[in-house]
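Peer 1: Mind having a look at this structure? Questions to follow.
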Amino acid sequence: MNRIEGRRGGRRTARSWVVAGTVLGCTLSLALAVPAGAATDDPTQGGLWYYNAPGLAQVHASGVTGAGITVAVLEGPINPGVPDLVGANLITTESLCDRNGDGVPEPATATTEDAEHATEMAALIVGTGAGVDGQPGVLGVAPGATVRHYAVKDADSAACHLDGRWSTTAAIDQAVADGAQVISISQALTGITQEEFDALARAERAGVVVVAASNNRGGTDLGELASANGVIAVESADVNQQLGPDAVTNPLLTVVAPGEGILGVGWADGAWNQYWLNDGSSCATAWTSGVLALAWSAHPQATGNQMIQALVRTTGQATGQATGEPTRVDDHWGYGTVSVSNLLAVDPTTFPDVNPLLRDTPDAFPAYADIVSSTPDPGQTTAPAQTTKPTTTPGNGGDTPAATTSPLLLIAGGLLVLLIIIAIVIAILLARRRPTGSIDPTAQYRP
């Protein structure tokens, strides 16, 4: 049975969740995946290439499974009863979505197709591979990790409130309180509010890594959530490292990861007994979140900032794996394709404890200052000059300043600030003019 029709585009409202794969689930590519290894001419290996190509079975056999790391998955309702999730480290929390404002949250779990997207994303991270009716199942990238599922939207993909706050705000804050190290959001949320930006800032300030999917609509619109300051924005590619047909081009894109031709469990004719091949940055985001959990479990003492540093320094095209600074490929590929082997080969604690994706610019949200709080500017190599309030001494006619600042010093300081601003503008312009190009086709997702 071919099941391509029926749900393209999702339901849009004035403010809604838009699935990053264009449909609910990564974009549905094929109705039924062939068994893994059954067809020699199937480059997707039955949809399990995302697992086989990077050598994840060998990684897990070495003892690196993601154990001790919690990934928060912000989604719609989920079906924890599918075989690929039964026995997995999955915690389904109470719904944070009160669509109607009646004080009764929408169900966090479901057994209808409304639960497909959340179920597929969770299985990509911690799936057991049990399979349905003898079919090969979804194998999790980090089966030892824990996924905490937070229902933040209803079955119609509409965003919700809970107790006067946006559900996403409540979920991000709750995920931080629950000890999540990674927040995975395989969705594109339009019309993000300051309240939600503030929640993102709190999460990043607490050391949580936020991973978000790019829009799968082509063009240059990365999406508000993926464009948020300090967030890892993920795009999708196939087994041959070809970008998806609706990939975006944007200077804020972070990395590219496996997302085309990915095995997913689906609902059909009232039962969860079908597997599909899915496409889109939704899958790539969940996969990247799982890989981060893997690497973090190998170095639990690393900070969130150091994990992001390690991710962007060890892509298949990276030039600054152990030394130097992270280097972008271009606006199509960001820093390059995520490499499991390269990432696991480095010690993240050797990198700066600074989020390399932060921008201290007026158009960056959340604001830089809200994220770093009292942390020094990442580009600052010396201590800032201390600005002291003039002291006063008592006098006959009132308080008189004991010291004043020389006008010449003020002028010199102003010129210095102007030169710095000019240098920053020139650097940004040069970065945007960097010619685009294809990546090294030999740099595959190999172990």
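Ordered as shown in the structure tokens, chains take letters A, B, and onward, while each chain numbers its residues from 1 and ligands are numbered from 1 in the order shown.
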Which of range 206-388 of chain A end up as alpha helix (DSSP H) when DSSP is run on this backbone - answer as a ChimeraX atom specification?
Peer 2: /A:281-298,304-313,340-344,368-372
Peer 1: Would you list the contacts of Thr109 in chain A as a list in words, taking every protein, DNA or RNA residue within 10 Å and counting only C-alpha atoms, but skipping same-chain residues closer than 6 positions in sequence?
Peer 2: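 Within the cut-off, the hits are Gly76, Pro77, Ile78, Asn79, Pro80, Gly81, Thr92, Thr93, Glu94, Ser95, Ala115, Ala118, Thr119, His149 and Ala151 of chain A.
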Peer 1: May I have the residues from that selection written out with C-alpha atoms, as an mmCIF file, in the first residue's frame?
Peer 2:
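Generated output (again-v5.cif):
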```
data_model
loop_
_atom_site.group_PDB
_atom_site.id
_atom_site.type_symbol
_atom_site.label_atom_id
_atom_site.label_comp_id
_atom_site.auth_asym_id
_atom_site.auth_seq_id
_atom_site.Cartn_x
_atom_site.Cartn_y
_atom_site.Cartn_z
ATOM 1 C CA GLY A 76 3.334 15.770 19.786
ATOM 2 C CA PRO A 77 1.745 12.665 21.320
ATOM 3 C CA ILE A 78 3.782 9.439 21.292
ATOM 4 C CA ASN A 79 3.009 5.710 21.180
ATOM 5 C CA PRO A 80 5.328 4.039 23.717
ATOM 6 C CA GLY A 81 3.725 0.682 22.970
ATOM 7 C CA THR A 92 6.735 9.842 28.880
ATOM 8 C CA THR A 93 5.863 12.841 31.005
ATOM 9 C CA GLU A 94 2.434 14.344 31.511
ATOM 10 C CA SER A 95 1.251 16.454 28.621
ATOM 11 C CA ALA A 115 1.684 9.773 17.276
ATOM 12 C CA ALA A 118 7.144 11.584 18.019
ATOM 13 C CA THR A 119 7.343 7.792 17.964
ATOM 14 C CA HIS A 149 9.232 12.849 25.908
ATOM 15 C CA ALA A 151 4.082 16.623 24.561
#
```
Peer 1: Would you tabulate, counting only C-alpha atoms, all residues of range 158-186 of chain A that have an atom at most 10 Å from an atom of range 121-141 of chain A, showing the closest pair of atoms and their distance in Å to one decimal, sorted by chain then ascending number, as CSV?
Peer 2:
```
residue,atom,partner,partner_atom,distance
A:Ser184,CA,A:Met121,CA,9.2
A:Ile185,CA,A:Met121,CA,9.4
A:Ser186,CA,A:Met121,CA,7.7
```
Peer 1: Please produce an output containing C-alpha atoms for each residue in the selection, written as a compact mmCIF listing (two decimals), in the first residue's frame.
Peer 2:
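Just written: part38.txt:
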```txt
# COMPACT_ATOMS: atom_id res chain seq x y z
CA SER A 184 16.00 17.65 20.59
CA ILE A 185 13.34 19.55 18.62
CA SER A 186 12.53 18.00 15.24
```
Peer 1: Please provide the set of residues having any atom within 12 Å of Gln58 in chain A, restricted to only C-alpha atoms, with same-chain residues fewer than 3 positions apart removed, written as a VMD selection string.
Peer 2: chain A and resid 51 to 55 61 to 65 141 340 to 341 446 to 447
Peer 1: Convert the current residue selection to file output with N, CA and C atoms, as an mmCIF file, in the first residue's frame.
Peer 2:
```
data_model
loop_
_atom_site.group_PDB
_atom_site.id
_atom_site.type_symbol
_atom_site.label_atom_id
_atom_site.label_comp_id
_atom_site.auth_asym_id
_atom_site.auth_seq_id
_atom_site.Cartn_x
_atom_site.Cartn_y
_atom_site.Cartn_z
ATOM 1 N N TYR A 51 22.500 3.706 10.572
ATOM 2 C CA TYR A 51 23.067 2.916 11.664
ATOM 3 C C TYR A 51 24.304 2.152 11.193
ATOM 4 N N ASN A 52 24.212 1.580 10.000
ATOM 5 C CA ASN A 52 25.304 0.744 9.492
ATOM 6 C C ASN A 52 26.501 1.543 9.002
ATOM 7 N N ALA A 53 26.258 2.609 8.241
ATOM 8 C CA ALA A 53 27.365 3.355 7.634
ATOM 9 C C ALA A 53 28.339 3.931 8.656
ATOM 10 N N PRO A 54 27.860 4.488 9.766
ATOM 11 C CA PRO A 54 28.813 5.028 10.757
ATOM 12 C C PRO A 54 29.385 3.961 11.682
ATOM 13 N N GLY A 55 28.976 2.697 11.497
ATOM 14 C CA GLY A 55 29.496 1.644 12.365
ATOM 15 C C GLY A 55 28.978 1.716 13.784
ATOM 16 N N ALA A 61 29.094 -1.923 20.788
ATOM 17 C CA ALA A 61 29.791 -3.095 21.315
ATOM 18 C C ALA A 61 31.003 -2.705 22.149
ATOM 19 N N SER A 62 31.559 -1.521 21.879
ATOM 20 C CA SER A 62 32.716 -1.047 22.644
ATOM 21 C C SER A 62 32.320 -0.520 24.014
ATOM 22 N N GLY A 63 31.013 -0.433 24.260
ATOM 23 C CA GLY A 63 30.538 0.054 25.547
ATOM 24 C C GLY A 63 30.040 1.476 25.535
ATOM 25 N N VAL A 64 30.131 2.145 24.381
ATOM 26 C CA VAL A 64 29.639 3.517 24.268
ATOM 27 C C VAL A 64 28.221 3.458 23.720
ATOM 28 N N THR A 65 27.244 3.719 24.583
ATOM 29 C CA THR A 65 25.833 3.560 24.196
ATOM 30 C C THR A 65 24.978 4.786 24.490
ATOM 31 N N VAL A 141 20.273 5.213 17.787
ATOM 32 C CA VAL A 141 21.653 5.696 17.704
ATOM 33 C C VAL A 141 22.330 5.595 19.063
ATOM 34 N N VAL A 340 30.654 10.405 13.336
ATOM 35 C CA VAL A 340 30.655 9.693 14.608
ATOM 36 C C VAL A 340 32.075 9.317 15.019
ATOM 37 N N SER A 341 32.842 8.764 14.080
ATOM 38 C CA SER A 341 34.194 8.307 14.412
ATOM 39 C C SER A 341 35.093 9.464 14.811
ATOM 40 N N ARG A 446 31.516 7.135 7.404
ATOM 41 C CA ARG A 446 32.123 5.813 7.594
ATOM 42 C C ARG A 446 32.754 5.690 8.972
ATOM 43 N N PRO A 447 32.813 4.447 9.482
ATOM 44 C CA PRO A 447 33.436 4.239 10.790
ATOM 45 C C PRO A 447 34.941 4.451 10.731
#
```
Peer 1: Closest to Ala88 in chain A among A:Val231, A:Leu74, A:Ala180, A:Ala67, using only C-alpha atoms?
Peer 2: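 Of all the options, A:Ala67 lies closest to Ala88 in chain A.
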Peer 1: Quick one: residues within 8 Å of His332 in chain A, only C-alpha atoms, excluding same-chain residues fewer than 3 positions away - as an NGL selection string?
Peer 2: :A and (247-250 or 253 or 329 or 436)
Peer 1: If you keep C-alpha atoms, can you produce a file of those selected residues as a PDB file, in the first residue's frame?
Peer 2:
```pdb
ATOM      1  CA  ALA A 247      17.490  21.803   1.823  1.00  0.00           C
ATOM      2  CA  VAL A 248      17.983  25.381   2.968  1.00  0.00           C
ATOM      3  CA  THR A 249      21.002  27.623   2.494  1.00  0.00           C
ATOM      4  CA  ASN A 250      21.772  29.851   5.448  1.00  0.00           C
ATOM      5  CA  LEU A 253      23.198  26.331   9.463  1.00  0.00           C
ATOM      6  CA  VAL A 329      32.363  24.735   4.730  1.00  0.00           C
ATOM      7  CA  THR A 436      29.899  27.970  -1.995  1.00  0.00           C
TER       8      THR A 436
END
```
Peer 1: Could you tell me how far CA of Ala293 in chain A sits from CA of Gly280 in chain A, in Å to one decimal place?
Peer 2: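 Value for the CA of Gly280 in chain A-CA of Ala293 in chain A distance: 20.7 Å.
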Peer 1: Against range 240-244 of chain A, which residues of range 42-127 of chain A fall within 12 Å? For each one I want the closest pair of atoms and the distance in Å (one decimal), counting only C-alpha atoms, rows by chain and increasing residue number, as CSV.
Peer 2:
```
residue,atom,partner,partner_atom,distance
A:Pro43,CA,A:Asn240,CA,8.5
A:Thr44,CA,A:Asn240,CA,9.6
A:Trp49,CA,A:Asn240,CA,10.4
A:Tyr50,CA,A:Asn240,CA,11.3
A:Ala53,CA,A:Asn240,CA,10.5
```
Peer 1: Just how far from CA of Ala302 in chain A is CA of Glu75 in chain A, in Å to one decimal?
Peer 2: 27.1 Å
Peer 1: From the options A:Leu358, A:Ala367, A:Val182, A:Ala233, which residue's atoms come nearest to Thr303 in chain A, counting only C-alpha atoms?
Peer 2: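 Once distances to Thr303 in chain A are computed over only C-alpha atoms, the minimum belongs to A:Val182.
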Peer 1: Check the smallest atom-to-atom distance from each of A:Leu344, A:Ala295, A:Ile371, A:Val71 to Ala203 in chain A using only C-alpha atoms, then report the winner.
Peer 2: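 Smallest distance to Ala203 in chain A is found for A:Ile371.
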Peer 1: Tell me which of A:Leu357, A:Val346, A:Ile91, A:Ala177 sits closest to Ala226 in chain A, counting only C-alpha atoms.
Peer 2: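 Comparing A:Leu357, A:Val346, A:Ile91, A:Ala177 against Ala226 in chain A, the winner is A:Leu357.
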Peer 1: Check the smallest atom-to-atom distance from each of A:Arg148, A:His299, A:Arg359, A:Arg328 to Val372 in chain A using only C-alpha atoms, then report the winner.
Peer 2: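 That would be A:Arg359, the residue with the smallest distance to Val372 in chain A.
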Peer 1: Considering only C-alpha atoms, can you say which of A:Ala145, A:Asp279, A:Leu48, A:Cys160 comes closest to Asp102 in chain A?
Peer 2: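 Closest to Asp102 in chain A, using only C-alpha atoms: A:Cys160.
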Peer 1: Write out as number ranges by chain all residues of range 207-245 of chain A that backbone DSSP assigns to strand (DSSP E or B).
Peer 2: A: 209-213, 232-237, 243
Peer 1: For range 171-174 of chain A, work out the shell of residues within 7 Å, counting only C-alpha atoms and skipping chain neighbours fewer than 2 positions away, then give it as a PyMOL selection string.
Peer 2: chain A and resi 96+150+152+167-169+176-178+199+203
Peer 1: Could you take the residues named above and write them with C-alpha atoms, as a short mmCIF file (atom, residue, chain, number, x, y, z; two decimals), in the first residue's frame?
Peer 2:
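Contents of selection-v1.cif, as written:
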```
data_model
loop_
_atom_site.label_atom_id
_atom_site.label_comp_id
_atom_site.auth_asym_id
_atom_site.auth_seq_id
_atom_site.Cartn_x
_atom_site.Cartn_y
_atom_site.Cartn_z
CA LEU A 96 2.14 20.14 28.69
CA TYR A 150 7.37 16.12 26.40
CA VAL A 152 4.01 20.29 23.55
CA SER A 167 3.93 24.66 26.21
CA THR A 168 7.40 24.91 24.69
CA THR A 169 8.46 27.24 27.49
CA VAL A 176 16.30 21.39 32.41
CA ALA A 177 14.82 20.65 35.84
CA ASP A 178 14.64 16.95 34.96
CA ALA A 199 13.45 29.64 28.17
CA ALA A 203 18.54 26.12 29.11
#
```
Peer 1: Using only C-alpha atoms, which residues sit within 7 Å of Val234 in chain A once same-chain residues fewer than 4 positions away are excluded, as a list in words?
Peer 2: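 My reading of the contact set: Ala212, Ala213, Ser214, Leu253, Thr254, Val255, Val256, Ala257, Ser281, Ala284 and Thr285 of chain A.
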Peer 1: For the selection just defined, write its residues with C-alpha atoms to a file, as an mmCIF file, in the first residue's frame.
Peer 2:
```cif
data_model
loop_
_atom_site.group_PDB
_atom_site.id
_atom_site.type_symbol
_atom_site.label_atom_id
_atom_site.label_comp_id
_atom_site.auth_asym_id
_atom_site.auth_seq_id
_atom_site.Cartn_x
_atom_site.Cartn_y
_atom_site.Cartn_z
ATOM 1 C CA ALA A 212 16.727 21.949 16.165
ATOM 2 C CA ALA A 213 15.673 21.023 12.636
ATOM 3 C CA SER A 214 15.954 23.378 9.694
ATOM 4 C CA LEU A 253 23.198 26.331 9.463
ATOM 5 C CA THR A 254 25.404 24.241 11.758
ATOM 6 C CA VAL A 255 25.771 20.676 10.463
ATOM 7 C CA VAL A 256 24.374 18.136 8.013
ATOM 8 C CA ALA A 257 23.400 14.627 9.153
ATOM 9 C CA SER A 281 15.752 17.291 8.809
ATOM 10 C CA ALA A 284 18.675 14.329 10.944
ATOM 11 C CA THR A 285 17.990 16.254 14.155
#
```
Peer 1: If we count only C-alpha atoms, what is near Cys283 in chain A at a cut-off of 8 Å, once residues fewer than 5 positions away on the same chain are taken out, given as a list in words?
Peer 2: Gly21, Cys26, Met121, Leu124, Ser186, Ser236, Pro258, Gly259, Glu260, Ile262 and Asn278 of chain A
